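Source file: entry.tsv; contents: TSV, N, CA and C atoms.
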```tsv
chain	number	residue	atom	x	y	z
X	1	MET	N	88.36	94.98	121.33
X	1	MET	CA	89.65	95.66	121.34
X	1	MET	C	89.39	97.15	121.09
X	2	ASN	N	89.74	97.97	122.06
X	2	ASN	CA	89.57	99.42	121.92
X	2	ASN	C	90.67	100.01	121.07
X	3	LYS	N	90.30	101.00	120.27
X	3	LYS	CA	91.28	101.72	119.45
X	3	LYS	C	91.31	103.17	119.91
X	4	TYR	N	92.48	103.78	119.79
X	4	TYR	CA	92.72	105.15	120.25
X	4	TYR	C	93.37	105.94	119.12
X	5	ARG	N	93.38	107.25	119.24
X	5	ARG	CA	94.02	108.10	118.24
X	5	ARG	C	95.09	108.96	118.91
X	6	ASN	N	96.24	109.09	118.23
X	6	ASN	CA	97.29	109.97	118.74
X	6	ASN	C	97.04	111.39	118.21
X	7	ARG	N	97.91	112.31	118.53
X	7	ARG	CA	97.67	113.70	118.15
X	7	ARG	C	97.78	113.96	116.65
X	8	TYR	N	98.31	113.00	115.87
X	8	TYR	CA	98.35	113.13	114.42
X	8	TYR	C	97.19	112.40	113.75
X	9	GLY	N	96.32	111.80	114.55
X	9	GLY	CA	95.16	111.09	114.02
X	9	GLY	C	95.42	109.64	113.67
X	10	ASP	N	96.62	109.12	113.96
X	10	ASP	CA	96.91	107.71	113.71
X	10	ASP	C	96.19	106.86	114.76
X	11	THR	N	95.64	105.75	114.34
X	11	THR	CA	94.95	104.83	115.24
X	11	THR	C	95.95	103.84	115.82
X	12	TYR	N	95.83	103.58	117.13
X	12	TYR	CA	96.67	102.56	117.76
X	12	TYR	C	95.82	101.73	118.70
X	13	TRP	N	96.29	100.51	118.98
X	13	TRP	CA	95.58	99.60	119.86
X	13	TRP	C	96.55	98.59	120.43
X	14	PHE	N	96.07	97.85	121.43
X	14	PHE	CA	96.88	96.85	122.13
X	14	PHE	C	96.22	95.48	121.93
X	15	GLU	N	96.94	94.56	121.28
X	15	GLU	CA	96.42	93.22	121.03
X	15	GLU	C	96.90	92.29	122.15
X	16	ASN	N	95.95	91.65	122.83
X	16	ASN	CA	96.30	90.71	123.89
X	16	ASN	C	96.88	89.45	123.26
X	17	ILE	N	98.13	89.10	123.62
X	17	ILE	CA	98.79	87.93	123.03
X	17	ILE	C	99.08	86.84	124.06
X	18	ALA	N	98.99	87.18	125.35
X	18	ALA	CA	99.21	86.24	126.44
X	18	ALA	C	98.69	86.92	127.70
X	19	PRO	N	98.53	86.18	128.80
X	19	PRO	CA	98.09	86.84	130.03
X	19	PRO	C	99.02	88.01	130.39
X	20	ASN	N	98.45	89.19	130.55
X	20	ASN	CA	99.18	90.41	130.92
X	20	ASN	C	100.19	90.86	129.87
X	21	GLN	N	100.09	90.37	128.64
X	21	GLN	CA	101.04	90.75	127.60
X	21	GLN	C	100.28	91.21	126.35
X	22	TYR	N	100.74	92.34	125.80
X	22	TYR	CA	100.06	92.97	124.67
X	22	TYR	C	101.06	93.38	123.60
X	23	ARG	N	100.62	93.30	122.35
X	23	ARG	CA	101.42	93.80	121.23
X	23	ARG	C	100.82	95.14	120.83
X	24	PHE	N	101.68	96.15	120.70
X	24	PHE	CA	101.27	97.49	120.30
X	24	PHE	C	101.16	97.56	118.78
X	25	HIS	N	100.04	98.08	118.29
X	25	HIS	CA	99.83	98.26	116.85
X	25	HIS	C	99.51	99.72	116.59
X	26	MET	N	99.92	100.21	115.43
X	26	MET	CA	99.60	101.58	115.04
X	26	MET	C	99.45	101.66	113.53
X	27	ASP	N	98.34	102.27	113.09
X	27	ASP	CA	98.14	102.57	111.66
X	27	ASP	C	98.98	103.79	111.30
X	28	GLY	N	99.12	104.03	110.03
X	28	GLY	CA	99.89	105.20	109.59
X	28	GLY	C	101.38	104.90	109.62
X	29	ASN	N	102.18	105.95	109.51
X	29	ASN	CA	103.63	105.75	109.46
X	29	ASN	C	104.38	106.37	110.64
X	30	SER	N	103.67	106.67	111.73
X	30	SER	CA	104.32	107.28	112.89
X	30	SER	C	105.39	106.40	113.51
X	31	MET	N	105.29	105.09	113.35
X	31	MET	CA	106.29	104.19	113.94
X	31	MET	C	107.64	104.31	113.24
X	32	GLN	N	107.66	104.88	112.04
X	32	GLN	CA	108.94	105.08	111.36
X	32	GLN	C	109.85	106.02	112.14
X	33	TRP	N	109.25	106.90	112.93
X	33	TRP	CA	110.01	107.89	113.69
X	33	TRP	C	109.90	107.63	115.19
X	34	CYS	N	109.68	106.38	115.55
X	34	CYS	CA	109.54	106.03	116.96
X	34	CYS	C	110.89	106.15	117.68
X	35	ARG	N	110.86	106.77	118.86
X	35	ARG	CA	112.05	106.84	119.72
X	35	ARG	C	111.99	105.70	120.73
X	36	PHE	N	113.15	105.15	121.05
X	36	PHE	CA	113.27	104.11	122.07
X	36	PHE	C	114.28	104.59	123.10
X	37	GLY	N	114.05	104.25	124.35
X	37	GLY	CA	114.99	104.63	125.40
X	37	GLY	C	115.15	103.51	126.41
X	38	GLY	N	116.30	103.51	127.05
X	38	GLY	CA	116.59	102.51	128.08
X	38	GLY	C	116.16	103.00	129.45
X	39	HIS	N	116.59	102.28	130.44
X	39	HIS	CA	116.33	102.65	131.83
X	39	HIS	C	117.39	103.65	132.29
X	40	GLU	N	117.08	104.41	133.33
X	40	GLU	CA	118.07	105.35	133.87
X	40	GLU	C	119.33	104.60	134.26
X	41	MET	N	120.46	105.22	134.01
X	41	MET	CA	121.78	104.70	134.35
X	41	MET	C	122.19	103.50	133.49
X	42	GLN	N	121.42	103.15	132.47
X	42	GLN	CA	121.78	102.07	131.57
X	42	GLN	C	122.78	102.62	130.55
X	43	GLU	N	123.84	101.90	130.28
X	43	GLU	CA	124.88	102.38	129.37
X	43	GLU	C	124.41	102.43	127.92
X	44	LYS	N	123.60	101.46	127.50
X	44	LYS	CA	123.09	101.46	126.13
X	44	LYS	C	121.67	100.89	126.15
X	45	VAL	N	120.94	101.18	125.09
X	45	VAL	CA	119.55	100.73	124.99
X	45	VAL	C	119.53	99.24	124.67
X	46	ASP	N	118.80	98.49	125.47
X	46	ASP	CA	118.61	97.05	125.27
X	46	ASP	C	117.18	96.86	124.77
X	47	ARG	N	117.01	96.51	123.52
X	47	ARG	CA	115.67	96.39	122.92
X	47	ARG	C	114.82	95.31	123.58
X	48	ASN	N	115.44	94.40	124.34
X	48	ASN	CA	114.68	93.38	125.08
X	48	ASN	C	114.24	93.87	126.45
X	49	ASP	N	114.69	95.04	126.85
X	49	ASP	CA	114.34	95.60	128.16
X	49	ASP	C	114.34	97.12	128.07
X	50	LEU	N	113.33	97.68	127.41
X	50	LEU	CA	113.25	99.12	127.19
X	50	LEU	C	112.67	99.84	128.40
X	51	GLY	N	113.05	101.08	128.54
X	51	GLY	CA	112.46	101.94	129.56
X	51	GLY	C	111.29	102.74	129.02
X	52	MET	N	111.28	102.96	127.67
X	52	MET	CA	110.21	103.74	127.05
X	52	MET	C	110.23	103.57	125.54
X	53	PHE	N	109.08	103.91	124.93
X	53	PHE	CA	109.02	104.10	123.48
X	53	PHE	C	108.04	105.22	123.21
X	54	ASP	N	108.26	105.93	122.10
X	54	ASP	CA	107.47	107.12	121.81
X	54	ASP	C	107.31	107.29	120.30
X	55	PRO	N	106.23	106.75	119.71
X	55	PRO	CA	106.00	106.97	118.29
X	55	PRO	C	105.73	108.45	118.02
X	56	SER	N	106.05	108.92	116.83
X	56	SER	CA	105.75	110.29	116.47
X	56	SER	C	104.26	110.54	116.64
X	57	GLY	N	103.88	111.54	117.41
X	57	GLY	CA	102.48	111.83	117.68
X	57	GLY	C	101.93	111.14	118.90
X	58	GLY	N	102.75	110.31	119.54
X	58	GLY	CA	102.33	109.61	120.76
X	58	GLY	C	101.66	108.29	120.43
X	59	PRO	N	101.39	107.54	121.45
X	59	PRO	CA	101.51	107.85	122.87
X	59	PRO	C	102.92	107.59	123.39
X	60	TYR	N	103.35	108.37	124.36
X	60	TYR	CA	104.61	108.12	125.06
X	60	TYR	C	104.31	107.06	126.10
X	61	VAL	N	105.03	105.94	126.06
X	61	VAL	CA	104.81	104.83	126.98
X	61	VAL	C	106.12	104.50	127.67
X	62	SER	N	106.10	104.48	129.00
X	62	SER	CA	107.29	104.13	129.77
X	62	SER	C	106.90	103.18	130.90
X	63	ILE	N	107.90	102.66	131.58
X	63	ILE	CA	107.66	101.80	132.73
X	63	ILE	C	106.82	102.58	133.74
X	64	ASP	N	105.83	101.93	134.31
X	64	ASP	CA	104.88	102.47	135.29
X	64	ASP	C	103.81	103.38	134.69
X	65	THR	N	103.78	103.54	133.35
X	65	THR	CA	102.69	104.28	132.71
X	65	THR	C	101.39	103.51	132.92
X	66	GLU	N	100.33	104.22	133.30
X	66	GLU	CA	99.00	103.62	133.42
X	66	GLU	C	98.32	103.69	132.06
X	67	LEU	N	98.10	102.54	131.46
X	67	LEU	CA	97.39	102.42	130.19
X	67	LEU	C	96.02	101.81	130.44
X	68	PRO	N	95.11	101.88	129.48
X	68	PRO	CA	93.81	101.23	129.66
X	68	PRO	C	93.93	99.72	129.89
X	69	ILE	N	95.04	99.12	129.49
X	69	ILE	CA	95.26	97.67	129.66
X	69	ILE	C	95.93	97.33	130.99
X	70	GLY	N	96.42	98.33	131.73
X	70	GLY	CA	97.09	98.11	133.00
X	70	GLY	C	98.35	98.96	133.12
X	71	LYS	N	99.05	98.76	134.24
X	71	LYS	CA	100.28	99.50	134.52
X	71	LYS	C	101.47	98.78	133.88
X	72	VAL	N	102.26	99.51	133.08
X	72	VAL	CA	103.37	98.94	132.32
X	72	VAL	C	104.50	98.50	133.27
X	73	LYS	N	104.92	97.24	133.10
X	73	LYS	CA	106.01	96.70	133.91
X	73	LYS	C	107.22	96.30	133.06
X	74	HIS	N	107.02	96.04	131.77
X	74	HIS	CA	108.13	95.64	130.91
X	74	HIS	C	107.79	95.99	129.47
X	75	ILE	N	108.80	96.44	128.72
X	75	ILE	CA	108.64	96.78	127.30
X	75	ILE	C	109.81	96.16	126.54
X	76	LYS	N	109.49	95.52	125.40
X	76	LYS	CA	110.56	95.03	124.53
X	76	LYS	C	110.14	95.22	123.08
X	77	SER	N	111.12	95.41	122.22
X	77	SER	CA	110.90	95.56	120.79
X	77	SER	C	111.41	94.30	120.10
X	78	THR	N	110.52	93.63	119.38
X	78	THR	CA	110.87	92.37	118.71
X	78	THR	C	110.57	92.49	117.21
X	79	ASP	N	110.88	91.44	116.48
X	79	ASP	CA	110.55	91.38	115.07
X	79	ASP	C	109.03	91.40	114.86
X	80	GLN	N	108.28	90.98	115.86
X	80	GLN	CA	106.82	90.95	115.80
X	80	GLN	C	106.19	92.24	116.30
X	81	GLY	N	107.00	93.20	116.74
X	81	GLY	CA	106.48	94.47	117.22
X	81	GLY	C	106.88	94.75	118.66
X	82	ILE	N	106.28	95.78	119.23
X	82	ILE	CA	106.57	96.17	120.61
X	82	ILE	C	105.64	95.38	121.52
X	83	ILE	N	106.24	94.68	122.48
X	83	ILE	CA	105.50	93.85	123.42
X	83	ILE	C	105.54	94.52	124.79
X	84	ILE	N	104.36	94.70	125.37
X	84	ILE	CA	104.21	95.37	126.66
X	84	ILE	C	103.64	94.37	127.67
X	85	THR	N	104.28	94.27	128.83
X	85	THR	CA	103.76	93.47	129.92
X	85	THR	C	103.22	94.41	130.98
X	86	VAL	N	102.01	94.09	131.46
X	86	VAL	CA	101.35	94.96	132.46
X	86	VAL	C	101.03	94.16	133.71
X	87	GLU	N	100.74	94.88	134.78
X	87	GLU	CA	100.28	94.19	136.00
X	87	GLU	C	98.81	94.44	136.17
```
Spell out the structure here as structure tokens.
Amino acid sequence: MNKYRNRYGDTYWFENIAPNQYRFHMDGNSMQWCRFGGHEMQEKVDRNDLGMFDPSGGPYVSIDTELPIGKVKHIKSTDQGIIITVE
């Protein structure tokens, strides 16, 4: 499992939890100030179908972002964390 650092020095990584599905993890407290956004033209943010998330210090992740784990196709925020599906 590769680990990365954001611009504030916080470590983050992607834990494989199912085929093409990863849980986002981050050390430090940058997730306290994480921004969430919906898809364009969406009336309100649906945490089960996010368009983007952006922890303080990065990384900014949105639909179609190319990550080391693959191209992002779906993002959701759950009690277990942020789940990313890639192709």
Point-to-point distance from atom N of Arg5 (chain X) to atom N of Met52 (chain X), Å rounded to tenths: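 So the answer is 20.2 Å.
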For Asn2 (chain X), the nearest of the candidates X:Val61, X:Leu67, X:Ile17, X:Val72, counting only C-alpha atoms: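 Checking each candidate against Asn2 (chain X), we get X:Leu67 as the closest.
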Between CA of Gly81 (chain X) and CA of Arg23 (chain X), distance in Å (one decimal): 6.5 Å
DSSP-assigned strand (DSSP E) members of chain X, reported as a ChimeraX atom specification: /X:3-5,11-18,21-26,35-37,52-54,61-62,66-67,70-78,81-86
Separation of CA of Lys3 (chain X) from CA of Gly38 (chain X) in Å: 26.8 Å
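Residues in contact with Pro55 (chain X) at 7 Å, where only N, CA and C atoms are counted and same-chain residues fewer than 5 positions away are skipped, are listed as Ser30, Met31, Gln32, Trp33, Cys34, Arg35, Tyr60 and Val61 of chain X.
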Write a file of the just-selected residues containing N, CA and C atoms, as a compact mmCIF listing (two decimals), in the frame of the given file.
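Final output, saved to part.txt:
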```
# COMPACT_ATOMS: atom_id res chain seq x y z
N SER X 30 103.67 106.67 111.73
CA SER X 30 104.32 107.28 112.89
C SER X 30 105.39 106.40 113.51
N MET X 31 105.29 105.09 113.35
CA MET X 31 106.29 104.19 113.94
C MET X 31 107.64 104.31 113.24
N GLN X 32 107.66 104.88 112.04
CA GLN X 32 108.94 105.08 111.36
C GLN X 32 109.85 106.02 112.14
N TRP X 33 109.25 106.90 112.93
CA TRP X 33 110.01 107.89 113.69
C TRP X 33 109.90 107.63 115.19
N CYS X 34 109.68 106.38 115.55
CA CYS X 34 109.54 106.03 116.96
C CYS X 34 110.89 106.15 117.68
N ARG X 35 110.86 106.77 118.86
CA ARG X 35 112.05 106.84 119.72
C ARG X 35 111.99 105.70 120.73
N TYR X 60 103.35 108.37 124.36
CA TYR X 60 104.61 108.12 125.06
C TYR X 60 104.31 107.06 126.10
N VAL X 61 105.03 105.94 126.06
CA VAL X 61 104.81 104.83 126.98
C VAL X 61 106.12 104.50 127.67
```
Shell around region 40-50 of chain X at 5 Å using all atoms listed in the file, local window under 3 positions removed, as an NGL selection string: :X and (37 or 75-77)
Output the selection as a compact mmCIF listing (two decimals), keeping the file's coordinate frame - N, CA and C atoms for each residue.
```txt
# COMPACT_ATOMS: atom_id res chain seq x y z
N GLY X 37 114.05 104.25 124.35
CA GLY X 37 114.99 104.63 125.40
C GLY X 37 115.15 103.51 126.41
N ILE X 75 108.80 96.44 128.72
CA ILE X 75 108.64 96.78 127.30
C ILE X 75 109.81 96.16 126.54
N LYS X 76 109.49 95.52 125.40
CA LYS X 76 110.56 95.03 124.53
C LYS X 76 110.14 95.22 123.08
N SER X 77 111.12 95.41 122.22
CA SER X 77 110.90 95.56 120.79
C SER X 77 111.41 94.30 120.10
```
Residues near Val86 (chain X), cut-off 8 Å, all atoms listed in the file, skip fewer than 2 positions along chain, as a list in words: Pro19, Asn20, Gln21, Tyr22, Ile69, Gly70, Lys71, Val72, Lys73, His74, Ile75, Ile83 and Ile84 of chain X
Who sits within 8 Å of Pro59 (chain X), only N, CA and C atoms, same chain under 4 positions skipped, as JSON, numbers by chain: {"X": [5, 6, 7, 12, 53, 54, 55]}
Edge lengths and centre in Å to one decimal, as lines of an AutoDock Vina configuration file, is what I'm after for the box along x, y and z that holds all listed atoms of region 9-26 of chain X once 6 Å is added on each side.
```
center_x = 98.3
center_y = 99.0
center_z = 122.2
size_x = 18.7
size_y = 37.6
size_z = 29.4
```
